[in-house]
$ cat my_file.txt   # compact mmCIF, N, CA and C atoms
# COMPACT_ATOMS: atom_id res chain seq x y z
N MET A 70 -65.56 66.83 34.85
CA MET A 70 -64.63 65.95 35.53
C MET A 70 -63.38 65.68 34.69
N THR A 71 -63.46 66.02 33.40
CA THR A 71 -62.27 65.78 32.57
C THR A 71 -61.12 66.69 32.98
N ASP A 72 -61.41 67.87 33.50
CA ASP A 72 -60.33 68.74 33.99
C ASP A 72 -59.61 68.10 35.17
N LEU A 73 -60.36 67.42 36.02
CA LEU A 73 -59.75 66.73 37.15
C LEU A 73 -58.89 65.56 36.66
N LEU A 74 -59.40 64.82 35.69
CA LEU A 74 -58.61 63.73 35.10
C LEU A 74 -57.32 64.28 34.48
N THR A 75 -57.44 65.40 33.78
CA THR A 75 -56.27 66.03 33.16
C THR A 75 -55.24 66.41 34.21
N LEU A 76 -55.69 67.02 35.28
CA LEU A 76 -54.78 67.43 36.35
C LEU A 76 -54.12 66.22 37.01
N LEU A 77 -54.90 65.19 37.30
CA LEU A 77 -54.32 63.98 37.90
C LEU A 77 -53.26 63.36 37.00
N LEU A 78 -53.53 63.30 35.71
CA LEU A 78 -52.57 62.70 34.79
C LEU A 78 -51.31 63.55 34.68
N ALA A 79 -51.48 64.87 34.61
CA ALA A 79 -50.31 65.76 34.53
C ALA A 79 -49.46 65.65 35.80
N LEU A 80 -50.10 65.63 36.96
CA LEU A 80 -49.37 65.49 38.22
C LEU A 80 -48.69 64.13 38.31
N ARG A 81 -49.35 63.10 37.81
CA ARG A 81 -48.75 61.77 37.81
C ARG A 81 -47.48 61.75 36.96
N LEU A 82 -47.58 62.32 35.77
CA LEU A 82 -46.42 62.37 34.88
C LEU A 82 -45.30 63.19 35.50
N TYR A 83 -45.64 64.34 36.08
CA TYR A 83 -44.64 65.20 36.70
C TYR A 83 -43.94 64.48 37.86
N ALA A 84 -44.74 63.86 38.73
CA ALA A 84 -44.15 63.16 39.88
C ALA A 84 -43.27 62.00 39.42
N HIS A 85 -43.67 61.32 38.36
CA HIS A 85 -42.86 60.21 37.87
C HIS A 85 -41.56 60.72 37.26
N LEU A 86 -41.63 61.77 36.48
CA LEU A 86 -40.42 62.34 35.88
C LEU A 86 -39.45 62.82 36.95
N THR A 87 -39.97 63.47 37.98
CA THR A 87 -39.08 63.97 39.03
C THR A 87 -38.58 62.83 39.92
N HIS A 88 -39.35 61.77 40.03
CA HIS A 88 -38.91 60.57 40.75
C HIS A 88 -37.67 59.99 40.06
N VAL A 89 -37.74 59.89 38.75
CA VAL A 89 -36.65 59.29 37.97
C VAL A 89 -35.40 60.16 38.00
N THR A 90 -35.59 61.47 38.05
CA THR A 90 -34.45 62.39 37.96
C THR A 90 -34.01 62.94 39.32
N ALA A 91 -34.58 62.42 40.41
CA ALA A 91 -34.20 62.90 41.75
C ALA A 91 -32.71 62.67 41.99
N LYS A 92 -32.10 63.65 42.65
CA LYS A 92 -30.68 63.52 42.99
C LYS A 92 -30.38 64.41 44.18
N GLY A 93 -29.18 64.30 44.68
CA GLY A 93 -28.76 65.16 45.78
C GLY A 93 -28.81 64.46 47.12
N VAL A 94 -28.63 65.26 48.15
CA VAL A 94 -28.54 64.76 49.52
C VAL A 94 -29.79 63.99 49.93
N ALA A 95 -30.95 64.47 49.51
CA ALA A 95 -32.21 63.84 49.91
C ALA A 95 -32.70 62.82 48.87
N PHE A 96 -31.78 62.32 48.04
CA PHE A 96 -32.17 61.42 46.95
C PHE A 96 -33.07 60.27 47.42
N PHE A 97 -32.63 59.51 48.40
CA PHE A 97 -33.37 58.31 48.78
C PHE A 97 -34.77 58.64 49.28
N SER A 98 -34.89 59.60 50.15
CA SER A 98 -36.22 59.93 50.68
C SER A 98 -37.09 60.56 49.60
N ASP A 99 -36.52 61.46 48.79
CA ASP A 99 -37.31 62.08 47.72
C ASP A 99 -37.74 61.05 46.69
N HIS A 100 -36.82 60.18 46.31
CA HIS A 100 -37.09 59.16 45.30
C HIS A 100 -38.26 58.27 45.74
N GLU A 101 -38.24 57.80 46.96
CA GLU A 101 -39.31 56.94 47.47
C GLU A 101 -40.62 57.71 47.63
N TYR A 102 -40.52 58.92 48.15
CA TYR A 102 -41.75 59.71 48.34
C TYR A 102 -42.40 60.00 46.99
N LEU A 103 -41.62 60.40 46.01
CA LEU A 103 -42.17 60.71 44.69
C LEU A 103 -42.80 59.48 44.05
N ARG A 104 -42.24 58.31 44.32
CA ARG A 104 -42.87 57.08 43.83
C ARG A 104 -44.27 56.93 44.43
N SER A 105 -44.38 57.12 45.72
CA SER A 105 -45.69 56.98 46.36
C SER A 105 -46.68 58.01 45.82
N VAL A 106 -46.19 59.19 45.50
CA VAL A 106 -47.06 60.25 44.98
C VAL A 106 -47.56 59.90 43.58
N TYR A 107 -46.65 59.51 42.68
CA TYR A 107 -47.14 59.22 41.33
C TYR A 107 -48.03 57.98 41.32
N GLU A 108 -47.77 57.03 42.20
CA GLU A 108 -48.66 55.86 42.29
C GLU A 108 -50.05 56.26 42.80
N ALA A 109 -50.10 57.21 43.73
CA ALA A 109 -51.39 57.69 44.24
C ALA A 109 -52.17 58.41 43.16
N TYR A 110 -51.50 59.26 42.39
CA TYR A 110 -52.18 59.95 41.29
C TYR A 110 -52.68 58.94 40.26
N ASP A 111 -51.88 57.95 39.96
CA ASP A 111 -52.26 56.94 38.99
C ASP A 111 -53.50 56.18 39.46
N HIS A 112 -53.52 55.83 40.73
CA HIS A 112 -54.65 55.12 41.32
C HIS A 112 -55.92 55.97 41.25
N ASP A 113 -55.81 57.24 41.64
CA ASP A 113 -56.98 58.12 41.62
C ASP A 113 -57.48 58.37 40.21
N TYR A 114 -56.56 58.55 39.27
CA TYR A 114 -56.94 58.73 37.86
C TYR A 114 -57.73 57.52 37.37
N ASP A 115 -57.21 56.36 37.65
CA ASP A 115 -57.84 55.12 37.21
C ASP A 115 -59.24 54.95 37.82
N ARG A 116 -59.34 55.17 39.11
CA ARG A 116 -60.65 55.02 39.79
C ARG A 116 -61.67 56.02 39.27
N LEU A 117 -61.25 57.26 39.07
CA LEU A 117 -62.18 58.27 38.58
C LEU A 117 -62.60 57.99 37.14
N ALA A 118 -61.65 57.64 36.27
CA ALA A 118 -61.98 57.35 34.88
C ALA A 118 -62.93 56.15 34.79
N GLU A 119 -62.67 55.13 35.58
CA GLU A 119 -63.54 53.95 35.57
C GLU A 119 -64.93 54.27 36.10
N ARG A 120 -65.01 55.09 37.14
CA ARG A 120 -66.31 55.47 37.69
C ARG A 120 -67.12 56.25 36.66
N LEU A 121 -66.48 57.20 36.00
CA LEU A 121 -67.18 58.01 35.01
C LEU A 121 -67.63 57.15 33.83
N THR A 122 -66.76 56.27 33.37
CA THR A 122 -67.13 55.37 32.27
C THR A 122 -68.26 54.44 32.70
N GLY A 123 -68.16 53.90 33.91
CA GLY A 123 -69.19 53.01 34.42
C GLY A 123 -70.54 53.68 34.62
N SER A 124 -70.52 54.98 34.82
CA SER A 124 -71.79 55.70 35.01
C SER A 124 -72.37 56.18 33.68
N GLY A 125 -71.73 55.74 32.58
CA GLY A 125 -72.28 56.05 31.26
C GLY A 125 -71.74 57.28 30.59
N GLN A 126 -70.80 57.96 31.21
CA GLN A 126 -70.23 59.15 30.59
C GLN A 126 -69.24 58.74 29.51
N THR A 127 -69.24 59.49 28.43
CA THR A 127 -68.28 59.25 27.37
C THR A 127 -67.06 60.12 27.62
N LEU A 128 -65.91 59.49 27.71
CA LEU A 128 -64.67 60.21 27.96
C LEU A 128 -63.76 60.12 26.74
N ASP A 129 -63.15 61.23 26.40
CA ASP A 129 -62.13 61.23 25.35
C ASP A 129 -60.79 61.28 26.07
N LEU A 130 -60.28 60.10 26.41
CA LEU A 130 -59.06 60.04 27.20
C LEU A 130 -57.83 60.44 26.39
N TYR A 131 -57.93 60.42 25.07
CA TYR A 131 -56.84 60.93 24.24
C TYR A 131 -56.75 62.45 24.38
N ALA A 132 -57.90 63.11 24.44
CA ALA A 132 -57.92 64.56 24.65
C ALA A 132 -57.41 64.88 26.06
N VAL A 133 -57.79 64.07 27.04
CA VAL A 133 -57.30 64.25 28.41
C VAL A 133 -55.78 64.15 28.43
N ALA A 134 -55.23 63.15 27.74
CA ALA A 134 -53.77 62.96 27.70
C ALA A 134 -53.08 64.12 27.01
N THR A 135 -53.67 64.62 25.93
CA THR A 135 -53.10 65.76 25.21
C THR A 135 -53.09 66.99 26.09
N ASP A 136 -54.20 67.23 26.78
CA ASP A 136 -54.29 68.38 27.68
C ASP A 136 -53.33 68.23 28.86
N ALA A 137 -53.17 66.99 29.35
CA ALA A 137 -52.24 66.75 30.46
C ALA A 137 -50.80 67.03 30.04
N ALA A 138 -50.47 66.66 28.81
CA ALA A 138 -49.12 66.93 28.30
C ALA A 138 -48.86 68.43 28.23
N ALA A 139 -49.87 69.19 27.78
CA ALA A 139 -49.73 70.65 27.72
C ALA A 139 -49.57 71.23 29.12
N LEU A 140 -50.36 70.74 30.07
CA LEU A 140 -50.25 71.20 31.45
C LEU A 140 -48.89 70.83 32.04
N LEU A 141 -48.42 69.65 31.75
CA LEU A 141 -47.10 69.21 32.20
C LEU A 141 -46.01 70.17 31.73
N GLY A 142 -46.14 70.66 30.52
CA GLY A 142 -45.17 71.61 29.98
C GLY A 142 -45.05 72.89 30.79
N THR A 143 -46.13 73.26 31.48
CA THR A 143 -46.10 74.48 32.30
C THR A 143 -45.46 74.23 33.67
N MET A 144 -45.25 72.97 34.02
CA MET A 144 -44.73 72.61 35.35
C MET A 144 -43.22 72.49 35.38
N LYS A 145 -42.57 72.44 34.25
CA LYS A 145 -41.17 72.03 34.21
C LYS A 145 -40.17 73.03 34.77
N ASN A 146 -40.56 74.26 34.99
CA ASN A 146 -39.58 75.28 35.40
C ASN A 146 -39.63 75.63 36.88
N GLY A 147 -40.22 74.79 37.69
CA GLY A 147 -40.30 75.12 39.10
C GLY A 147 -39.59 74.11 39.98
N ASP A 148 -39.48 74.45 41.25
CA ASP A 148 -38.96 73.52 42.25
C ASP A 148 -39.95 72.35 42.37
N THR A 149 -39.45 71.15 42.36
CA THR A 149 -40.29 69.95 42.36
C THR A 149 -41.39 70.01 43.40
N PHE A 150 -41.03 70.26 44.64
CA PHE A 150 -42.02 70.19 45.70
C PHE A 150 -42.95 71.39 45.73
N SER A 151 -42.49 72.54 45.28
CA SER A 151 -43.38 73.70 45.16
C SER A 151 -44.42 73.46 44.08
N VAL A 152 -43.98 72.87 42.97
CA VAL A 152 -44.91 72.56 41.87
C VAL A 152 -45.95 71.54 42.35
N LEU A 153 -45.50 70.53 43.06
CA LEU A 153 -46.44 69.52 43.55
C LEU A 153 -47.42 70.10 44.57
N LEU A 154 -46.94 70.99 45.43
CA LEU A 154 -47.83 71.61 46.41
C LEU A 154 -48.90 72.43 45.72
N GLU A 155 -48.50 73.21 44.72
CA GLU A 155 -49.49 73.98 43.95
C GLU A 155 -50.49 73.06 43.26
N GLY A 156 -49.98 71.97 42.72
CA GLY A 156 -50.86 70.99 42.07
C GLY A 156 -51.85 70.38 43.03
N GLU A 157 -51.39 70.07 44.23
CA GLU A 157 -52.28 69.50 45.25
C GLU A 157 -53.37 70.50 45.65
N LYS A 158 -53.00 71.75 45.78
CA LYS A 158 -53.99 72.77 46.12
C LYS A 158 -55.02 72.91 45.02
N LYS A 159 -54.54 72.87 43.78
CA LYS A 159 -55.46 72.95 42.64
C LYS A 159 -56.36 71.72 42.60
N LEU A 160 -55.82 70.57 42.92
CA LEU A 160 -56.59 69.34 42.96
C LEU A 160 -57.75 69.46 43.95
N CYS A 161 -57.46 69.93 45.16
CA CYS A 161 -58.51 70.09 46.17
C CYS A 161 -59.54 71.13 45.76
N SER A 162 -59.09 72.20 45.14
CA SER A 162 -60.01 73.23 44.67
C SER A 162 -60.95 72.67 43.60
N GLU A 163 -60.41 71.92 42.68
CA GLU A 163 -61.21 71.31 41.63
C GLU A 163 -62.23 70.33 42.22
N ILE A 164 -61.78 69.53 43.16
CA ILE A 164 -62.68 68.57 43.82
C ILE A 164 -63.79 69.31 44.56
N SER A 165 -63.45 70.38 45.24
CA SER A 165 -64.43 71.17 45.98
C SER A 165 -65.53 71.69 45.07
N THR A 166 -65.15 72.08 43.87
CA THR A 166 -66.14 72.57 42.90
C THR A 166 -67.00 71.43 42.37
N LEU A 167 -66.39 70.31 42.05
CA LEU A 167 -67.10 69.19 41.42
C LEU A 167 -68.00 68.42 42.37
N ILE A 168 -67.65 68.39 43.62
CA ILE A 168 -68.35 67.52 44.57
C ILE A 168 -69.82 67.92 44.74
N ARG A 169 -70.10 69.18 44.54
CA ARG A 169 -71.46 69.69 44.75
C ARG A 169 -72.48 69.05 43.81
N SER A 170 -72.06 68.72 42.60
CA SER A 170 -73.00 68.19 41.61
C SER A 170 -72.80 66.70 41.34
N ALA A 171 -71.96 66.04 42.13
CA ALA A 171 -71.66 64.63 41.90
C ALA A 171 -72.66 63.72 42.62
N SER A 172 -72.78 62.49 42.14
CA SER A 172 -73.61 61.49 42.81
C SER A 172 -72.98 61.16 44.17
N ILE A 173 -73.73 60.51 45.01
CA ILE A 173 -73.24 60.19 46.34
C ILE A 173 -71.99 59.32 46.28
N GLY A 174 -71.97 58.33 45.41
CA GLY A 174 -70.80 57.47 45.28
C GLY A 174 -69.59 58.23 44.78
N THR A 175 -69.82 59.12 43.82
CA THR A 175 -68.71 59.92 43.30
C THR A 175 -68.25 60.93 44.34
N GLN A 176 -69.18 61.46 45.13
CA GLN A 176 -68.80 62.35 46.22
C GLN A 176 -67.87 61.63 47.20
N ASP A 177 -68.19 60.37 47.48
CA ASP A 177 -67.36 59.58 48.39
C ASP A 177 -65.95 59.41 47.81
N LEU A 178 -65.86 59.10 46.53
CA LEU A 178 -64.56 58.96 45.87
C LEU A 178 -63.79 60.28 45.91
N LEU A 179 -64.46 61.37 45.57
CA LEU A 179 -63.80 62.68 45.55
C LEU A 179 -63.36 63.10 46.95
N THR A 180 -64.19 62.82 47.95
CA THR A 180 -63.83 63.16 49.33
C THR A 180 -62.58 62.40 49.76
N HIS A 181 -62.51 61.13 49.40
CA HIS A 181 -61.33 60.31 49.72
C HIS A 181 -60.09 60.87 49.02
N MET A 182 -60.24 61.26 47.76
CA MET A 182 -59.12 61.84 47.02
C MET A 182 -58.65 63.13 47.68
N ALA A 183 -59.60 63.97 48.09
CA ALA A 183 -59.24 65.24 48.74
C ALA A 183 -58.53 65.00 50.07
N GLY A 184 -58.99 64.01 50.82
CA GLY A 184 -58.35 63.69 52.09
C GLY A 184 -56.90 63.26 51.90
N LYS A 185 -56.65 62.45 50.88
CA LYS A 185 -55.28 62.03 50.60
C LYS A 185 -54.44 63.22 50.13
N SER A 186 -55.06 64.10 49.36
CA SER A 186 -54.34 65.28 48.88
C SER A 186 -53.95 66.19 50.04
N GLU A 187 -54.84 66.36 50.99
CA GLU A 187 -54.53 67.20 52.15
C GLU A 187 -53.35 66.62 52.94
N LYS A 188 -53.30 65.30 53.06
CA LYS A 188 -52.17 64.67 53.73
C LYS A 188 -50.87 64.94 52.97
N ARG A 189 -50.92 64.82 51.63
CA ARG A 189 -49.72 65.09 50.83
C ARG A 189 -49.32 66.56 50.93
N GLN A 190 -50.30 67.46 51.00
CA GLN A 190 -49.97 68.88 51.16
C GLN A 190 -49.19 69.11 52.45
N TYR A 191 -49.60 68.46 53.51
CA TYR A 191 -48.88 68.57 54.78
C TYR A 191 -47.46 68.03 54.62
N GLN A 192 -47.34 66.85 54.02
CA GLN A 192 -46.01 66.24 53.85
C GLN A 192 -45.10 67.11 52.99
N ILE A 193 -45.64 67.63 51.91
CA ILE A 193 -44.83 68.47 51.01
C ILE A 193 -44.45 69.77 51.70
N SER A 194 -45.37 70.35 52.45
CA SER A 194 -45.06 71.58 53.19
C SER A 194 -43.92 71.34 54.17
N ARG A 195 -43.93 70.19 54.84
CA ARG A 195 -42.84 69.85 55.76
C ARG A 195 -41.53 69.69 55.02
N ARG A 196 -41.58 69.12 53.82
CA ARG A 196 -40.36 68.93 53.01
C ARG A 196 -39.80 70.29 52.58
N LEU A 197 -40.68 71.24 52.31
CA LEU A 197 -40.24 72.57 51.87
C LEU A 197 -39.73 73.44 53.00
N SER A 198 -40.09 73.13 54.24
CA SER A 198 -39.68 73.99 55.37
C SER A 198 -38.30 73.65 55.87
$ encode --input "my_file.txt" --output "structure tokens"
Amino acid sequence: MTDLLTLLLALRLYAHLTHVTAKGVAFFSDHEYLRSVYEAYDHDYDRLAERLTGSGQTLDLYAVATDAAALLGTMKNGDTFSVLLEGEKKLCSEISTLIRSASIGTQDLLTHMAGKSEKRQYQISRRLS
């Protein structure tokens, strides 16, 4: 599950950075949408980290942050919304793999996260078209 935490944190950082640097004709809509996206990633990261800690798992969140920073470095050269769409697809793929071995409560959390990701994928796809 640390890979999922890493991805959520990297996506959160990316969405926040692009939120701050948004410009152009679609500034207002992009700026607000990116805020909602980074807040969603932050919320999911927090809920998942707390669930894992509460279930007795030991997490090295410093290692997660280091790995997220490295992953963030690979995201910087793409179109904002294309990068986010790829990230969302990866998020759902990771959840699909993890859900099989998760507890029922964690499955519920992961399913909710995947549902929100699918909605964002639709929204981002519309923005790209």
$ residues_around --input "my_file.txt" --residues "region 176-192 of chain A" --least-positions-apart "3" --cutoff "6.5 Å" --atoms "all atoms listed in the file" --output "number ranges by chain"
A: 154, 157, 161, 164, 168, 171-173, 195-197
$ closest_residue --input "my_file.txt" --among "A:Asp136, A:Leu77, A:Tyr83, A:Leu153" --to "Ala109 (chain A)" --atoms "only N, CA and C atoms"
A:Leu77
$ closest_residue --input "my_file.txt" --among "A:Gly147, A:Gly156, A:Gly93, A:Gly125" --to "Tyr110 (chain A)" --atoms "only C-alpha atoms"
A:Gly156
$ atom_distance --input "my_file.txt" --atom1 "CA of Ala137 (chain A)" --atom2 "CA of Thr166 (chain A)"
19.5 Å
$ atom_distance --input "my_file.txt" --atom1 "CA of Glu163 (chain A)" --atom2 "atom N of Thr149 (chain A)"
21.8 Å
$ build_atoms --input "my_file.txt" --residues "region 108-134 of chain A" --atoms "N, CA, C and O atoms" --output "CSV table (one decimal), keeping the file's coordinate frame"
chain,number,residue,atom,x,y,z
A,108,GLU,N,-47.8,57.0,42.2
A,108,GLU,CA,-48.7,55.9,42.3
A,108,GLU,C,-50.0,56.3,42.8
A,108,GLU,O,-51.1,55.7,42.4
A,109,ALA,N,-50.1,57.2,43.7
A,109,ALA,CA,-51.4,57.7,44.2
A,109,ALA,C,-52.2,58.4,43.2
A,109,ALA,O,-53.4,58.2,43.0
A,110,TYR,N,-51.5,59.3,42.4
A,110,TYR,CA,-52.2,60.0,41.3
A,110,TYR,C,-52.7,58.9,40.3
A,110,TYR,O,-53.8,59.1,39.7
A,111,ASP,N,-51.9,58.0,40.0
A,111,ASP,CA,-52.3,56.9,39.0
A,111,ASP,C,-53.5,56.2,39.5
A,111,ASP,O,-54.4,56.0,38.7
A,112,HIS,N,-53.5,55.8,40.7
A,112,HIS,CA,-54.6,55.1,41.3
A,112,HIS,C,-55.9,56.0,41.2
A,112,HIS,O,-57.0,55.5,40.9
A,113,ASP,N,-55.8,57.2,41.6
A,113,ASP,CA,-57.0,58.1,41.6
A,113,ASP,C,-57.5,58.4,40.2
A,113,ASP,O,-58.7,58.4,40.0
A,114,TYR,N,-56.6,58.6,39.3
A,114,TYR,CA,-56.9,58.7,37.9
A,114,TYR,C,-57.7,57.5,37.4
A,114,TYR,O,-58.8,57.6,36.8
A,115,ASP,N,-57.2,56.4,37.6
A,115,ASP,CA,-57.8,55.1,37.2
A,115,ASP,C,-59.2,55.0,37.8
A,115,ASP,O,-60.2,54.6,37.1
A,116,ARG,N,-59.3,55.2,39.1
A,116,ARG,CA,-60.6,55.0,39.8
A,116,ARG,C,-61.7,56.0,39.3
A,116,ARG,O,-62.8,55.7,39.1
A,117,LEU,N,-61.2,57.3,39.1
A,117,LEU,CA,-62.2,58.3,38.6
A,117,LEU,C,-62.6,58.0,37.1
A,117,LEU,O,-63.8,58.1,36.8
A,118,ALA,N,-61.6,57.6,36.3
A,118,ALA,CA,-62.0,57.4,34.9
A,118,ALA,C,-62.9,56.2,34.8
A,118,ALA,O,-63.9,56.2,34.0
A,119,GLU,N,-62.7,55.1,35.6
A,119,GLU,CA,-63.5,54.0,35.6
A,119,GLU,C,-64.9,54.3,36.1
A,119,GLU,O,-65.9,53.8,35.6
A,120,ARG,N,-65.0,55.1,37.1
A,120,ARG,CA,-66.3,55.5,37.7
A,120,ARG,C,-67.1,56.2,36.7
A,120,ARG,O,-68.3,56.0,36.5
A,121,LEU,N,-66.5,57.2,36.0
A,121,LEU,CA,-67.2,58.0,35.0
A,121,LEU,C,-67.6,57.2,33.8
A,121,LEU,O,-68.8,57.3,33.4
A,122,THR,N,-66.8,56.3,33.4
A,122,THR,CA,-67.1,55.4,32.3
A,122,THR,C,-68.3,54.4,32.7
A,122,THR,O,-69.2,54.2,32.0
A,123,GLY,N,-68.2,53.9,33.9
A,123,GLY,CA,-69.2,53.0,34.4
A,123,GLY,C,-70.5,53.7,34.6
A,123,GLY,O,-71.6,53.0,34.6
A,124,SER,N,-70.5,55.0,34.8
A,124,SER,CA,-71.8,55.7,35.0
A,124,SER,C,-72.4,56.2,33.7
A,124,SER,O,-73.4,56.9,33.7
A,125,GLY,N,-71.7,55.7,32.6
A,125,GLY,CA,-72.3,56.0,31.3
A,125,GLY,C,-71.7,57.3,30.6
A,125,GLY,O,-72.2,57.6,29.5
A,126,GLN,N,-70.8,58.0,31.2
A,126,GLN,CA,-70.2,59.2,30.6
A,126,GLN,C,-69.2,58.7,29.5
A,126,GLN,O,-68.5,57.8,29.7
A,127,THR,N,-69.2,59.5,28.4
A,127,THR,CA,-68.3,59.2,27.4
A,127,THR,C,-67.1,60.1,27.6
A,127,THR,O,-67.2,61.3,27.8
A,128,LEU,N,-65.9,59.5,27.7
A,128,LEU,CA,-64.7,60.2,28.0
A,128,LEU,C,-63.8,60.1,26.7
A,128,LEU,O,-63.6,59.0,26.2
A,129,ASP,N,-63.2,61.2,26.4
A,129,ASP,CA,-62.1,61.2,25.4
A,129,ASP,C,-60.8,61.3,26.1
A,129,ASP,O,-60.2,62.4,26.3
A,130,LEU,N,-60.3,60.1,26.4
A,130,LEU,CA,-59.1,60.0,27.2
A,130,LEU,C,-57.8,60.4,26.4
A,130,LEU,O,-56.8,60.8,27.0
A,131,TYR,N,-57.9,60.4,25.1
A,131,TYR,CA,-56.8,60.9,24.2
A,131,TYR,C,-56.8,62.4,24.4
A,131,TYR,O,-55.7,63.0,24.5
A,132,ALA,N,-57.9,63.1,24.4
A,132,ALA,CA,-57.9,64.6,24.6
A,132,ALA,C,-57.4,64.9,26.1
A,132,ALA,O,-56.7,65.9,26.2
A,133,VAL,N,-57.8,64.1,27.0
A,133,VAL,CA,-57.3,64.2,28.4
A,133,VAL,C,-55.8,64.2,28.4
A,133,VAL,O,-55.1,65.0,29.0
A,134,ALA,N,-55.2,63.2,27.7
A,134,ALA,CA,-53.8,63.0,27.7
A,134,ALA,C,-53.1,64.1,27.0
A,134,ALA,O,-52.0,64.6,27.5
